[in-house]
$ cat my_file_26.cif   # mmCIF, C-alpha atoms
data_data
#
loop_
_atom_site.label_atom_id
_atom_site.label_comp_id
_atom_site.auth_asym_id
_atom_site.auth_seq_id
_atom_site.Cartn_x
_atom_site.Cartn_y
_atom_site.Cartn_z
CA MET K 300 71.24 112.74 45.68
CA GLN K 301 74.47 113.67 47.47
CA LYS K 302 72.80 113.03 50.80
CA ILE K 303 71.43 109.64 49.73
CA ILE K 304 74.90 108.58 48.58
CA ALA K 305 76.52 109.84 51.78
CA PHE K 306 73.92 107.99 53.87
CA THR K 307 74.48 104.76 51.92
CA VAL K 308 78.27 105.09 52.02
CA GLY K 309 78.23 105.75 55.77
CA GLY K 310 75.93 102.76 56.22
CA LEU K 311 78.11 100.41 54.14
CA PHE K 312 81.16 101.61 56.04
CA GLY K 313 79.39 100.90 59.34
CA VAL K 314 78.25 97.44 58.23
CA GLY K 315 81.80 96.66 57.10
CA LEU K 316 83.23 97.75 60.44
CA TYR K 317 80.61 95.72 62.29
CA ILE K 318 80.99 92.51 60.23
CA SER K 319 84.79 92.71 60.39
CA GLN K 320 84.44 93.25 64.16
CA MET K 321 86.55 96.38 64.17
CA THR K 322 83.96 97.67 66.65
CA ASN K 323 85.34 95.07 69.07
CA THR K 324 88.31 96.69 70.78
CA LEU K 325 89.78 93.30 71.70
CA LYS K 326 90.19 92.45 67.98
CA VAL K 327 92.00 95.73 67.34
CA GLN K 328 94.21 95.53 70.42
CA GLY K 329 94.80 91.85 69.57
CA TRP K 330 96.21 92.93 66.18
CA LEU K 331 98.44 95.53 67.81
CA ASP K 332 99.56 92.98 70.40
CA VAL K 333 102.42 91.52 68.34
CA PHE K 334 104.35 90.59 71.49
CA GLY K 335 101.36 88.70 72.92
CA GLU K 336 98.73 86.51 71.29
CA TRP K 337 98.60 88.19 67.89
CA ASP K 338 95.22 88.33 66.10
CA PRO K 339 95.68 88.76 62.31
CA THR K 340 92.05 89.79 61.55
CA LEU K 341 92.79 93.48 60.96
CA THR K 342 95.27 92.55 58.22
CA PHE K 343 92.39 90.99 56.25
CA VAL K 344 90.16 94.01 56.89
CA MET K 345 92.82 96.44 55.69
CA GLY K 346 93.72 94.27 52.70
CA GLY K 347 90.05 93.80 51.78
CA ALA K 348 89.39 97.53 52.00
CA ILE K 349 92.42 98.57 49.98
CA ILE K 350 91.52 96.39 46.95
CA PRO K 351 88.29 98.23 45.90
CA MET K 352 89.86 101.57 46.81
CA PHE K 353 92.87 100.84 44.60
CA VAL K 354 90.54 100.17 41.66
CA ALA K 355 88.55 103.31 42.48
CA TRP K 356 91.65 105.53 42.43
CA TRP K 357 92.69 103.89 39.13
CA VAL K 358 89.31 104.77 37.62
CA ALA K 359 89.33 108.26 39.17
CA ASP K 360 92.77 108.99 37.71
CA LYS K 361 91.38 108.47 34.22
CA ARG K 362 88.56 110.97 34.74
CA THR K 363 88.32 114.71 35.25
CA LYS K 364 85.02 114.62 37.17
CA SER K 365 83.17 112.07 39.30
CA PHE K 366 80.29 110.09 37.75
CA LEU K 367 77.95 112.72 39.19
CA GLY K 368 80.01 115.54 37.72
CA LYS K 369 81.67 116.54 41.00
CA ASN K 370 85.29 117.62 41.32
CA LEU K 371 87.65 114.81 42.22
CA PRO K 372 90.12 115.14 45.12
CA PRO K 373 93.27 117.14 44.28
CA PRO K 374 96.52 115.23 43.67
CA THR K 375 97.95 113.72 46.82
CA LYS K 376 100.16 116.01 48.90
CA THR K 377 103.72 114.87 49.46
CA GLU K 378 104.76 117.17 52.29
CA ILE K 379 105.71 115.21 55.40
CA ASN K 380 105.41 117.76 58.19
CA LYS K 381 105.48 117.86 61.98
CA PRO K 382 101.69 117.83 62.53
CA LEU K 383 101.42 114.64 60.45
CA ILE K 384 104.03 112.85 62.55
CA ILE K 385 103.05 114.27 65.97
CA GLY K 386 99.36 113.75 65.23
CA SER K 387 99.94 110.14 64.19
CA ILE K 388 101.96 109.50 67.36
CA CYS K 389 99.08 110.89 69.50
CA PHE K 390 96.51 108.92 67.52
CA GLY K 391 98.53 105.68 67.73
CA THR K 392 98.78 106.04 71.51
CA GLY K 393 95.04 106.63 71.94
CA TRP K 394 94.26 103.84 69.48
CA GLY K 395 96.43 101.35 71.35
CA LEU K 396 95.07 102.37 74.77
CA SER K 397 91.40 102.09 73.77
CA GLY K 398 91.32 99.86 70.70
CA LEU K 399 89.07 102.40 68.97
CA CYS K 400 89.67 104.68 66.01
CA PRO K 401 87.15 107.31 64.82
CA GLY K 402 85.14 105.11 62.39
CA PRO K 403 84.37 102.27 64.82
CA ALA K 404 83.87 104.79 67.66
CA ILE K 405 80.99 106.31 65.69
CA ALA K 406 79.69 103.01 64.29
CA SER K 407 79.40 101.49 67.79
CA LEU K 408 77.59 104.45 69.37
CA SER K 409 74.23 102.60 69.40
CA PHE K 410 75.53 99.58 71.31
CA GLY K 411 78.79 100.72 72.96
CA GLY K 412 77.17 101.85 76.20
CA LEU K 413 78.35 104.65 78.45
CA SER K 414 82.05 103.90 77.83
CA GLY K 415 81.55 104.37 74.10
CA ILE K 416 79.77 107.67 74.64
CA ILE K 417 82.48 108.98 76.99
CA PHE K 418 85.15 108.01 74.46
CA PHE K 419 83.21 109.69 71.63
CA ILE K 420 82.73 112.94 73.56
CA SER K 421 86.42 113.01 74.51
CA MET K 422 87.39 112.41 70.89
CA LEU K 423 85.08 115.18 69.68
CA THR K 424 86.51 117.52 72.33
CA GLY K 425 90.01 116.78 71.04
CA ILE K 426 88.97 117.45 67.45
CA VAL K 427 87.26 120.75 68.27
CA ALA K 428 90.14 121.84 70.53
CA VAL K 429 92.67 121.44 67.71
CA SER K 430 90.45 123.39 65.33
CA ARG K 431 90.06 126.22 67.85
CA PHE K 432 93.73 126.55 68.71
CA THR K 433 95.37 126.15 65.34
CA ASN K 434 95.40 128.42 62.40
CA LYS K 435 93.86 126.37 59.62
CA GLU K 436 96.64 127.33 57.22
CA ASN K 437 99.40 126.17 59.51
CA TYR K 438 98.47 122.69 60.50
CA MET E 188 90.78 79.86 57.46
CA PRO E 189 89.21 80.97 60.77
CA ILE E 190 85.77 82.56 60.44
CA ASP E 191 87.07 85.80 61.99
CA TRP E 192 89.48 86.25 59.10
CA VAL E 193 86.71 85.61 56.55
CA ASN E 194 84.43 88.13 58.29
CA GLY E 195 87.36 90.54 58.38
CA LEU E 196 87.88 90.18 54.64
CA ILE E 197 84.15 90.56 53.84
CA GLY E 198 83.87 93.58 56.14
CA GLY E 199 87.03 95.06 54.67
CA LEU E 200 85.72 94.68 51.12
CA LEU E 201 82.50 96.48 52.17
CA ILE E 202 84.53 99.30 53.70
CA GLY E 203 86.57 99.57 50.51
CA CYS E 204 83.41 99.56 48.35
CA ALA E 205 81.95 102.33 50.51
CA GLY E 206 85.09 104.41 49.98
CA ALA E 207 85.07 103.63 46.25
CA ILE E 208 81.44 104.78 45.86
CA TYR E 209 82.13 107.98 47.79
CA LEU E 210 85.16 108.75 45.62
CA LEU E 211 83.65 107.91 42.24
CA MET E 212 80.21 109.42 42.91
CA SER E 213 80.77 112.32 45.29
CA GLY E 214 84.43 112.93 44.46
CA LYS E 215 85.43 112.79 48.11
CA VAL E 216 87.84 110.85 50.28
CA MET E 217 86.06 108.73 52.88
CA GLY E 218 87.82 109.55 56.13
CA ALA E 219 85.87 109.17 59.35
CA SER E 220 87.84 111.73 61.36
CA GLY E 221 87.74 114.32 58.56
CA ILE E 222 83.99 113.94 58.03
CA LEU E 223 83.29 114.15 61.77
CA SER E 224 85.50 117.20 62.27
CA LYS E 225 84.08 119.11 59.30
CA PHE E 226 80.60 118.20 60.52
CA ALA E 227 81.38 119.50 64.02
CA GLU E 228 83.10 122.65 62.80
CA ASN E 229 80.59 123.68 60.16
CA PRO E 230 80.06 127.40 60.62
CA ASN E 231 76.51 127.51 59.21
CA LYS E 232 75.24 125.16 61.91
CA GLU E 233 73.48 123.22 59.19
CA PHE E 234 73.73 119.66 60.42
CA LEU E 235 71.47 117.77 58.02
CA ASN E 236 74.07 118.14 55.31
CA GLU E 237 75.95 115.48 53.35
CA ARG E 238 78.31 114.73 56.24
CA GLY E 239 75.39 114.57 58.65
CA PHE E 240 73.76 111.90 56.49
CA PHE E 241 77.04 109.96 56.30
CA LEU E 242 77.23 109.92 60.12
CA ILE E 243 73.56 108.94 60.49
CA GLY E 244 74.14 105.99 58.13
CA LEU E 245 77.31 105.02 59.97
CA ILE E 246 75.45 104.91 63.29
CA CYS E 247 72.11 103.45 62.11
CA PHE E 248 73.16 100.56 59.84
CA PRO E 249 75.18 98.70 62.52
CA ALA E 250 72.33 99.45 64.96
CA PHE E 251 69.83 97.75 62.60
CA LEU E 252 72.12 94.75 62.12
CA ASN E 253 72.43 94.47 65.86
CA ILE E 254 68.68 94.71 66.46
CA LEU E 255 67.86 92.24 63.67
CA GLY E 256 70.51 89.85 64.97
CA LEU E 257 70.81 88.06 61.65
CA LEU E 258 74.53 87.55 61.74
CA SER E 259 76.56 84.61 62.95
CA ASN E 260 77.74 84.16 66.53
CA ALA E 261 81.22 85.25 65.51
CA ILE E 262 79.88 88.78 65.03
CA THR E 263 78.83 90.46 68.25
CA ALA E 264 77.86 93.94 69.34
CA GLN E 265 80.34 93.73 72.21
CA THR E 266 82.85 96.55 72.07
CA ASN E 267 84.77 95.29 75.14
CA LEU E 268 85.81 98.89 75.66
CA THR E 269 87.43 99.64 79.00
CA ASN E 270 85.34 101.05 81.87
CA SER E 271 88.26 103.06 83.19
CA LEU E 272 87.28 106.73 83.05
CA PRO E 273 90.87 108.09 82.89
CA ILE E 274 91.79 105.74 80.03
CA LEU E 275 88.59 106.56 78.12
CA ILE E 276 89.09 110.31 78.42
CA VAL E 277 92.83 110.31 77.72
CA SER E 278 92.59 107.92 74.77
CA GLY E 279 89.57 109.75 73.33
CA LEU E 280 91.36 113.10 73.53
CA LEU E 281 94.52 111.62 71.98
CA VAL E 282 92.55 110.08 69.10
CA GLY E 283 90.69 113.35 68.50
CA ILE E 284 93.73 115.63 68.72
CA GLY E 285 95.97 113.22 66.82
CA THR E 286 93.68 112.56 63.87
CA ARG E 287 92.95 116.27 63.49
CA LEU E 288 96.62 117.26 63.56
CA ALA E 289 97.55 114.47 61.15
CA LYS E 290 94.39 115.17 59.11
CA GLY E 291 93.41 111.53 58.91
CA CYS E 292 92.87 108.24 60.68
CA THR E 293 92.71 104.56 59.75
CA SER E 294 90.15 105.15 57.00
CA GLY E 295 91.54 108.35 55.49
CA HIS E 296 95.28 107.72 55.74
CA GLY E 297 95.17 103.93 56.04
CA VAL E 298 92.57 102.73 53.53
CA CYS E 299 92.23 105.70 51.16
CA GLY E 300 95.84 106.93 51.41
CA ILE E 301 97.70 103.64 51.02
CA SER E 302 95.53 102.54 48.07
CA ARG E 303 96.56 105.77 46.36
CA PHE E 304 100.25 105.33 47.25
CA SER E 305 100.07 108.66 49.09
CA PRO E 306 103.37 109.26 50.91
CA ARG E 307 101.55 111.09 53.72
CA GLY E 308 99.04 108.27 54.11
CA ILE E 309 101.73 105.58 54.13
CA ILE E 310 103.95 107.42 56.63
CA ALA E 311 101.03 108.31 58.92
CA THR E 312 99.86 104.67 58.90
CA VAL E 313 103.34 103.31 59.63
CA VAL E 314 103.71 105.78 62.52
CA PHE E 315 100.32 105.19 64.17
CA VAL E 316 100.56 101.40 63.78
CA CYS E 317 104.09 101.29 65.28
CA VAL E 318 103.05 103.60 68.13
CA GLY E 319 99.90 101.51 68.67
CA VAL E 320 101.98 98.34 68.87
CA ALA E 321 104.36 100.00 71.34
CA THR E 322 101.44 101.32 73.43
CA VAL E 323 99.84 97.87 73.72
CA ALA E 324 103.24 96.32 74.49
CA ILE E 325 103.89 98.83 77.29
CA PHE E 326 100.41 99.15 78.81
CA LYS E 327 99.29 95.55 78.39
CA GLN E 328 102.37 93.34 78.40
CA ILE E 329 104.60 95.34 80.76
CA LEU E 330 102.31 97.43 83.00
CA GLY E 331 99.19 95.25 82.73
CA ILE E 332 96.89 98.31 82.88
CA ILE E 333 94.80 97.57 79.78
#

$ encode --input "my_file_26.cif" --output "structure tokens"
Amino acid sequence: MQKIIAFTVGGLFGVGLYISQMTNTLKVQGWLDVFGEWDPTLTFVMGGAIIPMFVAWWVADKRTKSFLGKNLPPPTKTEINKPLIIGSICFGTGWGLSGLCPGPAIASLSFGGLSGIIFFISMLTGIVAVSRFTNKENY
Amino acid sequence: MPIDWVNGLIGGLLIGCAGAIYLLMSGKVMGASGILSKFAENPNKEFLNERGFFLIGLICFPAFLNILGLLSNAITAQTNLTNSLPILIVSGLLVGIGTRLAKGCTSGHGVCGISRFSPRGIIATVVFVCVGVATVAIFKQILGII
């Protein structure tokens, strides 16, 4: 059951990214390009995604377990630490340079060609490198 | 309203619904970078797990849509990703390292964090958006590299 849900959720997420054209790096870089010809599309994507999630958190807050009896995520952490800021600076730079973030990078693997695969492998290398070189408790 | 904005809104709502189902059914936060990293790091080397199925869905559904070609002309399978090897490698590494350090990306911190009024999610999103804007301004508008 868990696997069926995860498969469906991943699929819906991918369809959403594809329909909203977040797999098109020009749309993403166009949104970040506020000093050029700004493309507002990503604002609608973000706004559209936040609405159902807001309702979901509201429902989740009233429950102790998920509808399948699973534990719900712990309360949100409030600690603003260095890894959060440094990591977000690194991510923002890579995001701006390529126009891809992790979700669309995975969703476009089937049609993104060699460039998409090279980006994905580099991203995976970065992820694994951080896990190898950091103590899990400290980052 | 331009069709791109409508498609953006529809796609966004689907993304939000996906996250809502994952939260309310599986009790988990839908973050692409977190799911990928936990999938890659899993010590048991069991890859057909829940996260594996999430990733298979994420890859296969857009592939089906693309093959079926049922969608309007405004929706294409063009990624328009750069061919420049140095930019691909550097940006890929930065995205991987950055999202792992910050423990979240656009889906985890952006969509799931902001909708929960998470201070970490809001701050991370503000930082990576501002840095993304600055990066495009420098590398596209000033240097003309991308």

$ resolve_selection --input "my_file_26.cif" --expression "the PyMOL selection byres ((chain E and resi 287) around 9)" --output "mmCIF file with C-alpha atoms, keeping the file's coordinate frame"
data_model
loop_
_atom_site.group_PDB
_atom_site.id
_atom_site.type_symbol
_atom_site.label_atom_id
_atom_site.label_comp_id
_atom_site.auth_asym_id
_atom_site.auth_seq_id
_atom_site.Cartn_x
_atom_site.Cartn_y
_atom_site.Cartn_z
ATOM 1 C CA PRO K 382 101.690 117.830 62.530
ATOM 2 C CA GLY K 386 99.360 113.750 65.230
ATOM 3 C CA GLY K 425 90.010 116.780 71.040
ATOM 4 C CA ILE K 426 88.970 117.450 67.450
ATOM 5 C CA VAL K 427 87.260 120.750 68.270
ATOM 6 C CA VAL K 429 92.670 121.440 67.710
ATOM 7 C CA SER K 430 90.450 123.390 65.330
ATOM 8 C CA TYR K 438 98.470 122.690 60.500
ATOM 9 C CA SER E 220 87.840 111.730 61.360
ATOM 10 C CA GLY E 221 87.740 114.320 58.560
ATOM 11 C CA SER E 224 85.500 117.200 62.270
ATOM 12 C CA VAL E 282 92.550 110.080 69.100
ATOM 13 C CA GLY E 283 90.690 113.350 68.500
ATOM 14 C CA ILE E 284 93.730 115.630 68.720
ATOM 15 C CA GLY E 285 95.970 113.220 66.820
ATOM 16 C CA THR E 286 93.680 112.560 63.870
ATOM 17 C CA LEU E 288 96.620 117.260 63.560
ATOM 18 C CA ALA E 289 97.550 114.470 61.150
ATOM 19 C CA LYS E 290 94.390 115.170 59.110
ATOM 20 C CA GLY E 291 93.410 111.530 58.910
ATOM 21 C CA CYS E 292 92.870 108.240 60.680
#

$ atom_distance --input "my_file_26.cif" --atom1 "CA of Cys247 (chain E)" --atom2 "CA of Ser213 (chain E)"
20.9 Å

$ residues_around --input "my_file_26.cif" --residues "Pro249 (chain E)" --least-positions-apart "4" --cutoff "12 Å" --atoms "only C-alpha atoms" --output "ChimeraX atom specification"
/K:309-322,402-411 /E:198,242-245,253-258,262-264

$ write_last_selection --input "my_file_26.cif" --atoms "C-alpha atoms" --output "PDB file, keeping the file's coordinate frame"
ATOM      1  CA  GLY K 309      78.230 105.750  55.770  1.00  0.00           C
ATOM      2  CA  GLY K 310      75.930 102.760  56.220  1.00  0.00           C
ATOM      3  CA  LEU K 311      78.110 100.410  54.140  1.00  0.00           C
ATOM      4  CA  PHE K 312      81.160 101.610  56.040  1.00  0.00           C
ATOM      5  CA  GLY K 313      79.390 100.900  59.340  1.00  0.00           C
ATOM      6  CA  VAL K 314      78.250  97.440  58.230  1.00  0.00           C
ATOM      7  CA  GLY K 315      81.800  96.660  57.100  1.00  0.00           C
ATOM      8  CA  LEU K 316      83.230  97.750  60.440  1.00  0.00           C
ATOM      9  CA  TYR K 317      80.610  95.720  62.290  1.00  0.00           C
ATOM     10  CA  ILE K 318      80.990  92.510  60.230  1.00  0.00           C
ATOM     11  CA  SER K 319      84.790  92.710  60.390  1.00  0.00           C
ATOM     12  CA  GLN K 320      84.440  93.250  64.160  1.00  0.00           C
ATOM     13  CA  MET K 321      86.550  96.380  64.170  1.00  0.00           C
ATOM     14  CA  THR K 322      83.960  97.670  66.650  1.00  0.00           C
ATOM     15  CA  GLY K 402      85.140 105.110  62.390  1.00  0.00           C
ATOM     16  CA  PRO K 403      84.370 102.270  64.820  1.00  0.00           C
ATOM     17  CA  ALA K 404      83.870 104.790  67.660  1.00  0.00           C
ATOM     18  CA  ILE K 405      80.990 106.310  65.690  1.00  0.00           C
ATOM     19  CA  ALA K 406      79.690 103.010  64.290  1.00  0.00           C
ATOM     20  CA  SER K 407      79.400 101.490  67.790  1.00  0.00           C
ATOM     21  CA  LEU K 408      77.590 104.450  69.370  1.00  0.00           C
ATOM     22  CA  SER K 409      74.230 102.600  69.400  1.00  0.00           C
ATOM     23  CA  PHE K 410      75.530  99.580  71.310  1.00  0.00           C
ATOM     24  CA  GLY K 411      78.790 100.720  72.960  1.00  0.00           C
TER      25      GLY K 411
ATOM     26  CA  GLY E 198      83.870  93.580  56.140  1.00  0.00           C
ATOM     27  CA  LEU E 242      77.230 109.920  60.120  1.00  0.00           C
ATOM     28  CA  ILE E 243      73.560 108.940  60.490  1.00  0.00           C
ATOM     29  CA  GLY E 244      74.140 105.990  58.130  1.00  0.00           C
ATOM     30  CA  LEU E 245      77.310 105.020  59.970  1.00  0.00           C
ATOM     31  CA  ASN E 253      72.430  94.470  65.860  1.00  0.00           C
ATOM     32  CA  ILE E 254      68.680  94.710  66.460  1.00  0.00           C
ATOM     33  CA  LEU E 255      67.860  92.240  63.670  1.00  0.00           C
ATOM     34  CA  GLY E 256      70.510  89.850  64.970  1.00  0.00           C
ATOM     35  CA  LEU E 257      70.810  88.060  61.650  1.00  0.00           C
ATOM     36  CA  LEU E 258      74.530  87.550  61.740  1.00  0.00           C
ATOM     37  CA  ILE E 262      79.880  88.780  65.030  1.00  0.00           C
ATOM     38  CA  THR E 263      78.830  90.460  68.250  1.00  0.00           C
ATOM     39  CA  ALA E 264      77.860  93.940  69.340  1.00  0.00           C
TER      40      ALA E 264
END

$ resolve_selection --input "my_file_26.cif" --expression "the PyMOL selection byres ((chain E and resi 309) around 12)" --output "number ranges by chain"
K: 375-377, 379, 383-384, 387; E: 291-308, 310-316

$ atom_distance --input "my_file_26.cif" --atom1 "CA of Trp357 (chain K)" --atom2 "CA of Pro339 (chain K)"
27.8 Å

$ closest_residue --input "my_file_26.cif" --among "E:Gly319, E:Gly218, E:Pro230, E:Pro273" --to "chain K" --atoms "only C-alpha atoms"
E:Gly319

$ atom_distance --input "my_file_26.cif" --atom1 "CA of Asn380 (chain K)" --atom2 "CA of Phe432 (chain K)"
18.0 Å

$ resolve_selection --input "my_file_26.cif" --expression "the PyMOL selection byres ((chain E and resi 197) around 10)" --output "list in words"
Gly315, Leu316, Ile318, Ser319, Phe343, Val344, Gly347 and Ala348 of chain K; Asp191, Trp192, Val193, Asn194, Gly195, Leu196, Gly198, Gly199, Leu200, Leu201, Ile202 and Gly203 of chain E

$ residues_around --input "my_file_26.cif" --residues "Thr363 (chain K)" --least-positions-apart "3" --cutoff "12 Å" --atoms "all atoms listed in the file" --output "list in words"
Val358, Ala359, Asp360, Phe366, Leu367, Gly368, Lys369, Asn370, Leu371, Pro372, Pro373 and Pro374 of chain K; Leu211 and Gly214 of chain E

$ residues_near_point --input "my_file_26.cif" --point "(82.6, 107.4, 45.1)" --cutoff "10 Å" --atoms "all atoms listed in the file" --output "number ranges by chain"
K: 304-305, 308, 352, 355-356, 359, 365-367, 371; E: 204-217

$ closest_residue --input "my_file_26.cif" --among "E:Phe226, E:Phe251, E:Phe234, E:Phe240" --to "chain K" --atoms "only C-alpha atoms"
E:Phe240

$ closest_residue --input "my_file_26.cif" --among "E:Ile325, E:Ala219, E:Asn260, E:Ile190" --to "chain K" --atoms "only C-alpha atoms"
E:Ala219

$ closest_residue --input "my_file_26.cif" --among "E:Leu252, E:Leu280, E:Ile332, E:Met188" --to "chain K" --atoms "all atoms listed in the file"
E:Leu280

$ closest_residue --input "my_file_26.cif" --among "E:Ser278, E:Ser259, E:Thr269, E:Gln328" --to "chain K" --atoms "all atoms listed in the file"
E:Ser278

$ residues_around --input "my_file_26.cif" --residues "Ile274 (chain E)" --least-positions-apart "4" --cutoff "9 Å" --atoms "only C-alpha atoms" --output "ChimeraX atom specification"
/K:393,396-397,418 /E:269-270,278-279,333

$ closest_residue --input "my_file_26.cif" --among "E:Leu223, E:Leu281, E:Gly239, E:Ala261" --to "chain K" --atoms "all atoms listed in the file"
E:Leu281

$ decode --input "my_file_26.cif" --residues "region 236-261 of chain E" --atoms "N, CA and C atoms" --output "PDB file, in the first residue's frame"
ATOM      1  N   ASN E 236      12.045   0.079  -2.546  1.00  0.00           N
ATOM      2  CA  ASN E 236      11.302   0.475  -1.359  1.00  0.00           C
ATOM      3  C   ASN E 236      10.346   1.609  -1.722  1.00  0.00           C
ATOM      4  N   GLU E 237       9.741   2.201  -0.691  1.00  0.00           N
ATOM      5  CA  GLU E 237       8.769   3.271  -0.906  1.00  0.00           C
ATOM      6  C   GLU E 237       9.372   4.416  -1.729  1.00  0.00           C
ATOM      7  N   ARG E 238      10.588   4.822  -1.367  1.00  0.00           N
ATOM      8  CA  ARG E 238      11.214   5.941  -2.082  1.00  0.00           C
ATOM      9  C   ARG E 238      11.529   5.564  -3.519  1.00  0.00           C
ATOM     10  N   GLY E 239      11.933   4.306  -3.710  1.00  0.00           N
ATOM     11  CA  GLY E 239      12.191   3.824  -5.065  1.00  0.00           C
ATOM     12  C   GLY E 239      10.944   3.945  -5.930  1.00  0.00           C
ATOM     13  N   PHE E 240       9.792   3.569  -5.379  1.00  0.00           N
ATOM     14  CA  PHE E 240       8.543   3.651  -6.133  1.00  0.00           C
ATOM     15  C   PHE E 240       8.153   5.102  -6.414  1.00  0.00           C
ATOM     16  N   PHE E 241       8.432   5.986  -5.450  1.00  0.00           N
ATOM     17  CA  PHE E 241       8.174   7.415  -5.682  1.00  0.00           C
ATOM     18  C   PHE E 241       8.978   7.890  -6.893  1.00  0.00           C
ATOM     19  N   LEU E 242      10.266   7.522  -6.926  1.00  0.00           N
ATOM     20  CA  LEU E 242      11.147   7.979  -8.014  1.00  0.00           C
ATOM     21  C   LEU E 242      10.737   7.362  -9.353  1.00  0.00           C
ATOM     22  N   ILE E 243      10.321   6.093  -9.333  1.00  0.00           N
ATOM     23  CA  ILE E 243       9.876   5.457 -10.577  1.00  0.00           C
ATOM     24  C   ILE E 243       8.653   6.202 -11.118  1.00  0.00           C
ATOM     25  N   GLY E 244       7.703   6.524 -10.235  1.00  0.00           N
ATOM     26  CA  GLY E 244       6.513   7.279 -10.655  1.00  0.00           C
ATOM     27  C   GLY E 244       6.887   8.629 -11.219  1.00  0.00           C
ATOM     28  N   LEU E 245       7.815   9.294 -10.530  1.00  0.00           N
ATOM     29  CA  LEU E 245       8.240  10.640 -10.934  1.00  0.00           C
ATOM     30  C   LEU E 245       8.894  10.633 -12.321  1.00  0.00           C
ATOM     31  N   ILE E 246       9.596   9.552 -12.639  1.00  0.00           N
ATOM     32  CA  ILE E 246      10.236   9.469 -13.955  1.00  0.00           C
ATOM     33  C   ILE E 246       9.237   8.996 -15.020  1.00  0.00           C
ATOM     34  N   CYS E 247       8.421   7.982 -14.670  1.00  0.00           N
ATOM     35  CA  CYS E 247       7.574   7.320 -15.685  1.00  0.00           C
ATOM     36  C   CYS E 247       6.361   8.127 -16.116  1.00  0.00           C
ATOM     37  N   PHE E 248       5.677   8.794 -15.194  1.00  0.00           N
ATOM     38  CA  PHE E 248       4.452   9.505 -15.571  1.00  0.00           C
ATOM     39  C   PHE E 248       4.717  10.598 -16.610  1.00  0.00           C
ATOM     40  N   PRO E 249       5.716  11.469 -16.410  1.00  0.00           N
ATOM     41  CA  PRO E 249       5.998  12.460 -17.464  1.00  0.00           C
ATOM     42  C   PRO E 249       6.429  11.781 -18.765  1.00  0.00           C
ATOM     43  N   ALA E 250       7.123  10.641 -18.659  1.00  0.00           N
ATOM     44  CA  ALA E 250       7.538   9.912 -19.862  1.00  0.00           C
ATOM     45  C   ALA E 250       6.315   9.446 -20.655  1.00  0.00           C
ATOM     46  N   PHE E 251       5.304   8.906 -19.938  1.00  0.00           N
ATOM     47  CA  PHE E 251       4.059   8.474 -20.602  1.00  0.00           C
ATOM     48  C   PHE E 251       3.371   9.649 -21.272  1.00  0.00           C
ATOM     49  N   LEU E 252       3.250  10.762 -20.534  1.00  0.00           N
ATOM     50  CA  LEU E 252       2.585  11.946 -21.101  1.00  0.00           C
ATOM     51  C   LEU E 252       3.288  12.382 -22.371  1.00  0.00           C
ATOM     52  N   ASN E 253       4.590  12.332 -22.331  1.00  0.00           N
ATOM     53  CA  ASN E 253       5.394  12.738 -23.476  1.00  0.00           C
ATOM     54  C   ASN E 253       5.168  11.798 -24.658  1.00  0.00           C
ATOM     55  N   ILE E 254       5.158  10.498 -24.386  1.00  0.00           N
ATOM     56  CA  ILE E 254       4.977   9.515 -25.457  1.00  0.00           C
ATOM     57  C   ILE E 254       3.567   9.619 -26.047  1.00  0.00           C
ATOM     58  N   LEU E 255       2.569   9.766 -25.157  1.00  0.00           N
ATOM     59  CA  LEU E 255       1.188   9.853 -25.626  1.00  0.00           C
ATOM     60  C   LEU E 255       0.945  11.155 -26.394  1.00  0.00           C
ATOM     61  N   GLY E 256       1.643  12.203 -25.980  1.00  0.00           N
ATOM     62  CA  GLY E 256       1.536  13.482 -26.690  1.00  0.00           C
ATOM     63  C   GLY E 256       0.138  14.057 -26.722  1.00  0.00           C
ATOM     64  N   LEU E 257      -0.583  13.897 -25.599  1.00  0.00           N
ATOM     65  CA  LEU E 257      -1.982  14.358 -25.578  1.00  0.00           C
ATOM     66  C   LEU E 257      -2.121  15.830 -25.217  1.00  0.00           C
ATOM     67  N   LEU E 258      -1.056  16.420 -24.762  1.00  0.00           N
ATOM     68  CA  LEU E 258      -1.191  17.767 -24.218  1.00  0.00           C
ATOM     69  C   LEU E 258      -1.028  18.841 -25.286  1.00  0.00           C
ATOM     70  N   SER E 259      -1.398  20.048 -24.896  1.00  0.00           N
ATOM     71  CA  SER E 259      -1.396  21.153 -25.856  1.00  0.00           C
ATOM     72  C   SER E 259       0.028  21.514 -26.285  1.00  0.00           C
ATOM     73  N   ASN E 260       0.114  22.340 -27.312  1.00  0.00           N
ATOM     74  CA  ASN E 260       1.425  22.743 -27.826  1.00  0.00           C
ATOM     75  C   ASN E 260       2.223  23.573 -26.825  1.00  0.00           C
ATOM     76  N   ALA E 261       1.510  24.158 -25.861  1.00  0.00           N
ATOM     77  CA  ALA E 261       2.210  24.985 -24.878  1.00  0.00           C
ATOM     78  C   ALA E 261       3.038  24.136 -23.923  1.00  0.00           C
TER      79      ALA E 261
END
